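Dropping upload.pdb in here (PDB, C-alpha atoms):
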```pdb
MODEL        1
ATOM      1  CA  MET A   1       0.000   0.000   0.000
ATOM      2  CA  PRO A   2       1.531   3.344  -0.967
ATOM      3  CA  ALA A   3       2.222   5.958   1.672
ATOM      4  CA  LYS A   4      -0.544   8.448   2.371
ATOM      5  CA  ALA A   5      -0.150  11.752   0.583
ATOM      6  CA  LEU A   6       1.021  14.292   3.148
ATOM      7  CA  TRP A   7      -1.154  16.964   1.562
ATOM      8  CA  LEU A   8      -4.374  14.953   1.790
ATOM      9  CA  LEU A   9      -5.543  16.475   5.075
ATOM     10  CA  HIS A  10      -4.536  19.954   3.878
ATOM     11  CA  ILE A  11      -7.014  19.929   1.002
ATOM     12  CA  PRO A  12      -9.436  22.344   2.708
ATOM     13  CA  GLU A  13      -6.655  24.942   3.083
ATOM     14  CA  ILE A  14      -5.442  24.300  -0.473
ATOM     15  CA  LEU A  15      -8.974  24.807  -1.780
ATOM     16  CA  SER A  16      -9.274  28.022   0.165
ATOM     17  CA  GLN A  17      -6.089  29.349  -1.421
ATOM     18  CA  LEU A  18      -7.132  28.237  -4.899
ATOM     19  CA  GLU A  19     -10.408  30.128  -4.513
ATOM     20  CA  THR A  20      -8.489  33.377  -4.018
ATOM     21  CA  PHE A  21      -6.592  32.978  -7.286
ATOM     22  CA  ASP A  22      -7.899  34.971 -10.240
ATOM     23  CA  VAL A  23      -6.323  32.848 -12.974
ATOM     24  CA  PRO A  24      -7.821  30.137 -15.178
ATOM     25  CA  VAL A  25      -4.864  27.731 -14.882
ATOM     26  CA  VAL A  26      -2.342  26.744 -12.234
ATOM     27  CA  ASP A  27       1.230  25.799 -13.086
ATOM     28  CA  ARG A  28       3.652  23.290 -11.582
ATOM     29  CA  ALA A  29       5.415  25.861  -9.371
ATOM     30  CA  ILE A  30       2.140  26.838  -7.708
ATOM     31  CA  ILE A  31       1.250  23.169  -7.227
ATOM     32  CA  GLU A  32       4.634  22.627  -5.565
ATOM     33  CA  ARG A  33       4.003  25.477  -3.107
ATOM     34  CA  LEU A  34       0.346  24.678  -2.394
ATOM     35  CA  PHE A  35       0.843  20.970  -1.865
ATOM     36  CA  GLY A  36       4.378  21.066  -0.447
ATOM     37  CA  LEU A  37       5.736  18.835  -3.207
ATOM     38  CA  ARG A  38       8.897  18.517  -5.238
ATOM     39  CA  ARG A  39       8.986  19.018  -8.997
ATOM     40  CA  ARG A  40       8.456  15.389 -10.034
ATOM     41  CA  GLN A  41       5.651  14.844  -7.498
ATOM     42  CA  ALA A  42       3.941  18.044  -8.642
ATOM     43  CA  ILE A  43       4.059  16.902 -12.276
ATOM     44  CA  GLU A  44       2.585  13.512 -11.313
ATOM     45  CA  LEU A  45      -0.175  15.258  -9.389
ATOM     46  CA  LEU A  46      -0.872  17.557 -12.346
ATOM     47  CA  HIS A  47      -1.344  14.513 -14.571
ATOM     48  CA  ARG A  48      -3.570  12.855 -11.961
ATOM     49  CA  PHE A  49      -5.847  15.912 -11.932
ATOM     50  CA  GLY A  50      -6.107  16.353 -15.680
ATOM     51  CA  GLY A  51      -3.088  18.595 -16.194
ATOM     52  CA  TYR A  52      -1.303  19.038 -19.483
ATOM     53  CA  GLN A  53       1.965  20.340 -20.870
ATOM     54  CA  ALA A  54       2.067  23.582 -22.849
ATOM     55  CA  GLY A  55       5.576  23.995 -24.195
ATOM     56  CA  ARG A  56       7.832  23.357 -21.208
ATOM     57  CA  THR A  57       5.194  24.308 -18.654
ATOM     58  CA  PHE A  58       2.803  21.924 -16.891
ATOM     59  CA  LEU A  59      -0.657  23.376 -16.283
ATOM     60  CA  VAL A  60      -4.014  22.363 -14.877
ATOM     61  CA  ASP A  61      -7.352  24.148 -15.094
ATOM     62  CA  ARG A  62      -7.902  25.755 -11.686
ATOM     63  CA  ARG A  63     -11.627  24.963 -11.549
ATOM     64  CA  LEU A  64     -11.023  21.361 -12.629
ATOM     65  CA  LEU A  65      -8.354  20.993  -9.935
ATOM     66  CA  MET A  66     -10.731  22.407  -7.328
ATOM     67  CA  GLU A  67     -13.449  19.995  -8.457
ATOM     68  CA  HIS A  68     -11.075  17.026  -8.073
ATOM     69  CA  LEU A  69     -10.008  18.207  -4.632
ATOM     70  CA  ARG A  70     -13.617  18.658  -3.476
ATOM     71  CA  ARG A  71     -14.392  15.098  -4.558
ATOM     72  CA  LEU A  72     -11.369  13.894  -2.596
ATOM     73  CA  VAL A  73     -12.578  15.706   0.541
ATOM     74  CA  GLU A  74     -15.963  14.023   0.226
ATOM     75  CA  GLY A  75     -14.381  10.625  -0.471
ATOM     76  CA  GLU A  76     -13.753   7.731   1.856
ATOM     77  CA  GLU A  77      -9.945   8.016   1.803
ATOM     78  CA  PHE A  78     -10.007  11.598   3.122
ATOM     79  CA  GLN A  79     -12.653  10.769   5.737
ATOM     80  CA  ARG A  80     -10.756   7.686   6.903
ATOM     81  CA  GLU A  81      -7.492   9.610   7.136
ATOM     82  CA  HIS A  82      -9.221  12.480   8.934
ATOM     83  CA  ARG A  83     -10.674  10.072  11.517
ATOM     84  CA  ARG A  84      -7.285   8.365  11.907
ATOM     85  CA  GLN A  85      -5.612  11.733  12.478
ATOM     86  CA  GLU A  86      -8.231  12.639  15.118
ATOM     87  CA  ARG A  87      -7.727   9.317  16.915
ATOM     88  CA  LEU A  88      -3.974   9.807  16.820
ATOM     89  CA  GLY A  89      -4.316  13.304  18.264
ATOM     90  CA  GLN A  90      -6.561  12.021  21.056
ATOM     91  CA  ALA A  91      -4.125   9.210  21.848
ATOM     92  CA  VAL A  92      -1.206  11.649  21.996
ATOM     93  CA  ASP A  93      -3.186  13.981  24.280
ATOM     94  CA  GLN A  94      -4.092  11.095  26.565
ATOM     95  CA  LEU A  95      -0.464   9.964  26.659
ATOM     96  CA  ARG A  96       0.661  13.485  27.595
ATOM     97  CA  ARG A  97      -1.863  13.600  30.441
ATOM     98  CA  GLN A  98      -0.748  10.190  31.675
ATOM     99  CA  GLN A  99       2.922  11.200  31.539
ATOM    100  CA  THR A 100       2.172  14.365  33.515
ATOM    101  CA  ALA A 101       0.346  12.330  36.152
ATOM    102  CA  ALA A 102       3.114   9.707  36.234
ATOM    103  CA  ARG A 103       5.721  12.366  37.044
ATOM    104  CA  VAL A 104       3.895  13.326  40.260
ATOM    105  CA  LYS A 105       5.737  11.943  43.277
ATOM    106  CA  ILE A 106       3.514  10.980  46.176
ATOM    107  CA  PRO A 107       5.413  11.143  49.474
ATOM    108  CA  VAL A 108       4.432   8.254  51.756
ATOM    109  CA  ALA A 109       5.748   6.964  55.053
ATOM    110  CA  PRO A 110       7.609   3.619  54.994
ATOM    111  CA  ASP A 111       4.871   1.946  57.062
ATOM    112  CA  VAL A 112       2.016   3.063  54.769
ATOM    113  CA  PHE A 113       1.465  -0.422  53.351
ATOM    114  CA  SER A 114       0.505  -1.739  56.789
ATOM    115  CA  ARG A 115      -1.669   1.274  57.669
ATOM    116  CA  LYS A 116      -4.899   0.560  59.600
ATOM    117  CA  LEU A 117      -7.934   2.795  59.970
ATOM    118  CA  ALA A 118      -6.841   3.840  63.475
ATOM    119  CA  ASP A 119      -3.435   4.935  62.060
ATOM    120  CA  LEU A 120      -4.715   7.509  59.562
ATOM    121  CA  PRO A 121      -2.614  10.674  59.414
ATOM    122  CA  PRO A 122      -3.728  13.925  61.039
ATOM    123  CA  GLY A 123      -6.204  15.818  58.874
ATOM    124  CA  VAL A 124      -8.059  12.689  57.700
ATOM    125  CA  ALA A 125     -11.430  12.109  59.340
ATOM    126  CA  LEU A 126     -13.829   9.368  58.216
ATOM    127  CA  GLU A 127     -17.310   9.088  59.647
ATOM    128  CA  ALA A 128     -20.567   7.636  58.379
ATOM    129  CA  GLY A 129     -21.271   9.251  55.001
ATOM    130  CA  HIS A 130     -18.490  11.851  55.303
ATOM    131  CA  LEU A 131     -14.801  12.059  54.544
ATOM    132  CA  HIS A 132     -12.824  15.144  55.510
ATOM    133  CA  ILE A 133      -9.232  15.615  54.407
ATOM    134  CA  ALA A 134      -7.183  18.698  55.260
ATOM    135  CA  PHE A 135      -4.232  19.054  52.893
ATOM    136  CA  SER A 136      -1.620  21.606  51.900
ATOM    137  CA  GLY A 137      -1.185  20.767  48.222
ATOM    138  CA  THR A 138      -1.757  18.218  45.507
ATOM    139  CA  GLU A 139       0.965  15.829  46.630
ATOM    140  CA  ASP A 140      -0.209  16.036  50.268
ATOM    141  CA  LEU A 141      -3.796  15.250  49.199
ATOM    142  CA  LEU A 142      -2.669  12.320  47.051
ATOM    143  CA  SER A 143      -0.500  11.023  49.889
ATOM    144  CA  LYS A 144      -3.435  11.095  52.340
ATOM    145  CA  LEU A 145      -5.763   9.460  49.835
ATOM    146  CA  PHE A 146      -3.186   6.722  49.254
ATOM    147  CA  GLU A 147      -2.859   6.160  53.005
ATOM    148  CA  LEU A 148      -6.656   6.011  53.286
ATOM    149  CA  SER A 149      -6.823   3.429  50.481
ATOM    150  CA  GLN A 150      -4.158   1.316  52.167
ATOM    151  CA  ALA A 151      -6.032   1.496  55.476
ATOM    152  CA  ALA A 152      -9.242   0.474  53.696
ATOM    153  CA  SER A 153      -7.467  -2.443  52.064
ATOM    154  CA  ASN A 154      -5.762  -3.620  55.277
ATOM    155  CA  ASP A 155      -8.757  -3.104  57.606
ATOM    156  CA  PHE A 156     -11.787  -3.289  55.306
ATOM    157  CA  ASP A 157     -14.402  -4.368  57.869
ATOM    158  CA  ARG A 158     -13.592  -1.420  60.156
ATOM    159  CA  PHE A 159     -13.375   0.893  57.141
ATOM    160  CA  ARG A 160     -16.833  -0.170  55.961
ATOM    161  CA  ALA A 161     -18.264   0.197  59.458
ATOM    162  CA  ALA A 162     -16.836   3.720  59.759
ATOM    163  CA  ALA A 163     -17.879   4.834  56.283
ATOM    164  CA  GLU A 164     -21.425   3.511  55.963
ATOM    165  CA  PRO A 165     -24.378   5.125  57.691
ATOM    166  CA  ALA A 166     -25.786   3.053  60.573
ATOM    167  CA  GLU A 167     -29.013   2.191  58.706
ATOM    168  CA  ARG A 168     -27.030   0.598  55.850
ATOM    169  CA  ARG A 169     -24.864  -1.447  58.235
ATOM    170  CA  SER A 170     -27.914  -2.989  59.905
ATOM    171  CA  ALA A 171     -29.576  -3.898  56.591
TER     172      ALA A 171
ENDMDL
END
```
So, in terms of structure tokens, how does the structure I just supplied come out?
Amino acid sequence: MPAKALWLLHIPEILSQLETFDVPVVDRAIIERLFGLRRRQAIELLHRFGGYQAGRTFLVDRRLLMEHLRRLVEGEEFQREHRRQERLGQAVDQLRRQQTAARVKIPVAPDVFSRKLADLPPGVALEAGHLHIAFSGTEDLLSKLFELSQAASNDFDRFRAAAEPAERRSA
């Protein structure tokens, strides 16, 4: 399968520029600049879109070129590539967010993995239906939440009893 044309997703901008031109034909040099191509690629593209050679100059009817480009934008290849590009952008954004989160260092005490509900740090209060955490910054909050999760894991029955309202515990 041949490589995707780099200019494919730039067709809307190319069309916009072509609309501003007040000439009936477009030559190879303009195609090179609009599409970001080299000489040989521009000539191949001119032929693909109904271009012709007049003397030593390669030309294509501007309106015909625009018509071909509009059909490409409406076609499946453009739509598929557009969707792929969107998915790629979303994946890159998600990766950036994950990398930012992964760089956060959560300070924890060495004994945090054996933490019990009675050993929660100062500023963490759990009562039926309410959790109150006093913190001084993002890392401090994350540290206290981690300690709370470890206490819940190590002492789940007491954690449940402290967290649930009395009417739910009796049911």
What does the structure give for the distance between atom CA of A:Asp22 and atom CA of A:Leu46, in Å to one decimal?
18.9 Å
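Pairwise distance (atom CA of A:Ile30, atom CA of A:Leu59) equals 9.7 Å.
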Let me know the residues the PyMOL selection byres ((chain A and resi 28) around 9) catches in the file above, as a ChimeraX atom specification.
/A:26-27,29-33,39,42-43,46,57-60
Serialized selection, C-alpha atoms, as a compact mmCIF listing (two decimals), in the frame of the given file:
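Output file result08.txt is given in full below:
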```
# COMPACT_ATOMS: atom_id res chain seq x y z
CA VAL A 26 -2.34 26.74 -12.23
CA ASP A 27 1.23 25.80 -13.09
CA ALA A 29 5.42 25.86 -9.37
CA ILE A 30 2.14 26.84 -7.71
CA ILE A 31 1.25 23.17 -7.23
CA GLU A 32 4.63 22.63 -5.56
CA ARG A 33 4.00 25.48 -3.11
CA ARG A 39 8.99 19.02 -9.00
CA ALA A 42 3.94 18.04 -8.64
CA ILE A 43 4.06 16.90 -12.28
CA LEU A 46 -0.87 17.56 -12.35
CA THR A 57 5.19 24.31 -18.65
CA PHE A 58 2.80 21.92 -16.89
CA LEU A 59 -0.66 23.38 -16.28
CA VAL A 60 -4.01 22.36 -14.88
```
List the spatial neighbours of stretch 144-150 of chain A as a PyMOL selection string - criterion: any atom at most 7 Å away, only C-alpha atoms, same-chain residues fewer than 2 positions off excluded.
chain A and resi 112-113+115+120+140-142+152-154
Export of the given selection (C-alpha atoms) as a compact mmCIF listing (two decimals), in the frame of the given file:
```txt
# COMPACT_ATOMS: atom_id res chain seq x y z
CA VAL A 112 2.02 3.06 54.77
CA PHE A 113 1.46 -0.42 53.35
CA ARG A 115 -1.67 1.27 57.67
CA LEU A 120 -4.72 7.51 59.56
CA ASP A 140 -0.21 16.04 50.27
CA LEU A 141 -3.80 15.25 49.20
CA LEU A 142 -2.67 12.32 47.05
CA ALA A 152 -9.24 0.47 53.70
CA SER A 153 -7.47 -2.44 52.06
CA ASN A 154 -5.76 -3.62 55.28
```
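Nearest to A:Glu77 of all the residues A:Glu19, A:Thr100, A:Phe156, A:Ala5 is A:Ala5, counting only C-alpha atoms.
If you look at atom CA of A:Thr138 and atom CA of A:Arg103, they are 12.7 Å away from each other.
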Spell out the residues picked by the PyMOL selection byres ((chain A and resi 65) around 9) here, as a compact mmCIF listing (two decimals) with C-alpha atoms, in the coordinates of the input.
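That gives us expr17.txt:
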```
# COMPACT_ATOMS: atom_id res chain seq x y z
CA LEU A 18 -7.13 28.24 -4.90
CA VAL A 26 -2.34 26.74 -12.23
CA LEU A 46 -0.87 17.56 -12.35
CA PHE A 49 -5.85 15.91 -11.93
CA GLY A 50 -6.11 16.35 -15.68
CA GLY A 51 -3.09 18.60 -16.19
CA VAL A 60 -4.01 22.36 -14.88
CA ASP A 61 -7.35 24.15 -15.09
CA ARG A 62 -7.90 25.76 -11.69
CA ARG A 63 -11.63 24.96 -11.55
CA LEU A 64 -11.02 21.36 -12.63
CA MET A 66 -10.73 22.41 -7.33
CA GLU A 67 -13.45 20.00 -8.46
CA HIS A 68 -11.08 17.03 -8.07
CA LEU A 69 -10.01 18.21 -4.63
CA ARG A 70 -13.62 18.66 -3.48
```
Name the residues that the PyMOL selection byres ((chain A and resi 108) around 6) pulls out of this structure, and write them as a list of chain:residue names.
A:Pro107, A:Ala109, A:Ser143
